[in-house]
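Chemist: Below: one structure in structure tokens.
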Amino acid sequence: MSPVRFFRWFRVIPLLALLIFALIAWVYSFAPSELLRWLYPLHYEEAVASSSARHEVDPFLVCAVIEAESGWNANAESHRGATGVMQLMPETARDMVRKGLVDGASYDPENLSDPATNIEFGTAYLSYLLRYFNGSTERAVAAYNAGLSNVEDWVGEGGLLHNAITYPETQAYLVRVQNARSRYQELYADRFALE
């Protein structure tokens with residue numbers, strides 16, 4: 001086969017696409033941290049820090065959940081009615097007040113479009129899930145996305161949680177949050193004083 005025939009356009013295009021994807025993967029994996037801050041921004045730092053400290057949740061996990069849920073968009077709304085940066089359902093926020101995990105006088109569960117309020121309720125809920133699942137971050141994050149009862153069903157099947165999850169969205173969400181948490185720890189290690 002002559003080199004001219006090998007490099008015809010219909011063979012070159014897939015090779016170029018493969019090269020482009022390989023370059024993107026390389027940059028994503030090995031680029032200096034400073035170049036990746038635009039992919040993993042950090043907003044509402046004070047709200048994340050204070051809510052994380054109050055509810056004893058890793059602030060990098062909170063940042064990862066925010067990134068996965070809304071990409072830091074305070075105006076985000078889901079088709080199911082979840083609102084704000086941490087995509088909370090109003091019922092969940094009211095439940096956090098009923099359980100005494102959030103002071104309803106300081107944080108209005110009806111004001112979930114306010115980033116500080118949303119982060120307070122979302123972090124409280126994440127803390128509740130972490131305690132419920134005895135500190136299992138994987139189970140808490142899956143429950144944040146798919147609901148507590150679904151995770152209980154999946155855990156009841158035994159084996160690895162990731163393999164038992166029946167929702168592809170939740171499987172992808174779990175990986176996204178884990179990856180984002182690692183990136184936030186790497187990029188902003190000096191931002192949050194962890195005890």
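Lettering and numbering for the structure tokens are positional, with chains as A, B, ... in the shown order, residues counted from 1 in each chain, and ligands counted from 1 in the shown order.
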Which residues come within 8 Å of stretch 70-73 of chain A, counting only C-alpha atoms, excluding same-chain residues fewer than 3 positions away, as a list in words?

Modeler: Pro41, His43, Ile66, Glu67, Ala76, Gly84, Val85, Met86 and Gln87 of chain A

Chemist: A:Ser50: which residues within 12 Å, counting only C-alpha atoms, same-chain residues fewer than 6 positions away excluded, as a VMD selection string?

Modeler: chain A and resid 44 56 to 59 62 116 to 117 119 to 120 123 to 124 192 to 194

Chemist: For those residues, write N, CA and C atoms to a file as a CSV table (one decimal), in the first residue's frame.

Modeler:
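Output file result-v1.csv is given in full below:
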```csv
chain,number,residue,atom,x,y,z
A,44,TYR,N,-17.8,31.6,46.5
A,44,TYR,CA,-18.4,31.5,47.8
A,44,TYR,C,-17.6,30.8,48.8
A,56,GLU,N,-18.9,19.9,60.0
A,56,GLU,CA,-17.8,18.9,60.0
A,56,GLU,C,-17.7,18.1,58.7
A,57,VAL,N,-17.7,18.8,57.6
A,57,VAL,CA,-17.6,18.2,56.3
A,57,VAL,C,-16.4,18.7,55.6
A,58,ASP,N,-15.7,17.9,54.9
A,58,ASP,CA,-14.5,18.3,54.1
A,58,ASP,C,-15.0,19.4,53.1
A,59,PRO,N,-14.4,20.6,53.2
A,59,PRO,CA,-14.8,21.6,52.3
A,59,PRO,C,-14.5,21.3,50.8
A,62,VAL,N,-17.5,19.5,49.6
A,62,VAL,CA,-18.5,20.4,49.3
A,62,VAL,C,-18.3,21.1,48.0
A,116,ALA,N,-25.2,31.4,49.9
A,116,ALA,CA,-24.8,31.0,51.3
A,116,ALA,C,-25.8,30.1,52.0
A,117,THR,N,-27.1,30.5,51.8
A,117,THR,CA,-28.2,29.6,52.3
A,117,THR,C,-28.2,28.2,51.7
A,119,ILE,N,-25.7,26.7,50.3
A,119,ILE,CA,-24.5,25.9,50.8
A,119,ILE,C,-24.7,25.4,52.2
A,120,GLU,N,-25.3,26.2,53.1
A,120,GLU,CA,-25.6,25.8,54.4
A,120,GLU,C,-26.5,24.6,54.5
A,123,THR,N,-24.7,21.5,52.7
A,123,THR,CA,-23.6,20.9,53.6
A,123,THR,C,-24.2,20.2,54.8
A,124,ALA,N,-25.3,20.7,55.3
A,124,ALA,CA,-25.9,20.0,56.5
A,124,ALA,C,-26.5,18.7,56.0
A,192,PHE,N,-8.3,26.1,52.7
A,192,PHE,CA,-9.2,25.7,53.8
A,192,PHE,C,-8.3,25.0,54.8
A,193,ALA,N,-8.4,25.5,56.1
A,193,ALA,CA,-7.6,25.0,57.2
A,193,ALA,C,-8.3,23.8,57.7
A,194,LEU,N,-7.8,22.6,57.4
A,194,LEU,CA,-8.4,21.4,57.9
A,194,LEU,C,-7.8,21.0,59.2
```

Chemist: Please build the interface table for stretch 30-121 of chain A against stretch 169-189 of chain A with a cut-off of 7 Å, listing for each qualifying residue the nearest atom pair and the distance in Å to one decimal; count only C-alpha atoms, order rows by chain and increasing number, and write it as JSON lines.

Modeler:
```
{"residue": "A:Ser33", "atom": "CA", "partner": "A:Leu187", "partner_atom": "CA", "distance": 5.9}
{"residue": "A:Arg37", "atom": "CA", "partner": "A:Leu187", "partner_atom": "CA", "distance": 6.8}
{"residue": "A:Tyr40", "atom": "CA", "partner": "A:Tyr184", "partner_atom": "CA", "distance": 7.0}
{"residue": "A:Phe60", "atom": "CA", "partner": "A:Arg181", "partner_atom": "CA", "distance": 5.5}
{"residue": "A:Leu61", "atom": "CA", "partner": "A:Arg181", "partner_atom": "CA", "distance": 5.4}
{"residue": "A:Ala64", "atom": "CA", "partner": "A:Arg181", "partner_atom": "CA", "distance": 4.9}
{"residue": "A:Val65", "atom": "CA", "partner": "A:Val177", "partner_atom": "CA", "distance": 5.9}
{"residue": "A:Ala68", "atom": "CA", "partner": "A:Val177", "partner_atom": "CA", "distance": 6.1}
```

Chemist: Residues within 9 Å of A:Ala140, please, as number ranges by chain. Count only C-alpha atoms; anything in the same chain fewer than 3 positions from it doesn't count.

Modeler: A: 126-133, 135-137, 143-145, 148, 151

Chemist: Return as a ChimeraX atom specification the full set of residues in chain A whose backbone-based DSSP assignment is alpha helix (DSSP H).

Modeler: /A:3-6,9-30,33-36,45-55,59-70,90-98,115-132,137-146,148-156,161-164,168-187

Chemist: One number please: atom CA of A:Gly122 to atom CA of A:Leu88, in Å, one decimal.

Modeler: 6.6 Å

Chemist: Return the single residue from A:Leu39, A:Met89, A:Ala53, A:Val141 that is closest to A:Ser113, with distances computed using only C-alpha atoms.

Modeler: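 Comparing A:Leu39, A:Met89, A:Ala53, A:Val141 against A:Ser113, the winner is A:Met89.
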
Chemist: Have a look at A:Ser51, A:Glu152, A:Leu36, A:Arg191 and name the one nearest to A:Tyr107; count only C-alpha atoms.

Modeler: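 Answer, going by the shortest atom-to-atom distance: A:Ser51.
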
Chemist: For a test of reading the model, state the distance in Å between atom CA of A:Ser149 and atom CA of A:Leu112, rounded to one decimal.

Modeler: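 Rounded to one decimal, the two atoms are 23.8 Å apart.
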
Chemist: Between atom CA of A:Ala105 and atom CA of A:Gly81, what distance in Å does the model show, to one decimal?

Modeler: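 So the answer is 23.2 Å.
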
Chemist: Write out as a list in words the residues lying within 7 Å of A:Val102, counting only C-alpha atoms and excluding same-chain residues fewer than 2 positions away.

Modeler: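 Counting only the stated atoms, we get Met96, Val97, Gly100, Gly104, Phe121 and Ala124 of chain A.
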
Chemist: Using only C-alpha atoms, can you tell me which of A:Tyr167, A:Asp103, A:Asn134, A:Val155 comes closest to A:Arg54?

Modeler: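 Among A:Tyr167, A:Asp103, A:Asn134, A:Val155, it is A:Asp103 that comes nearest to A:Arg54.
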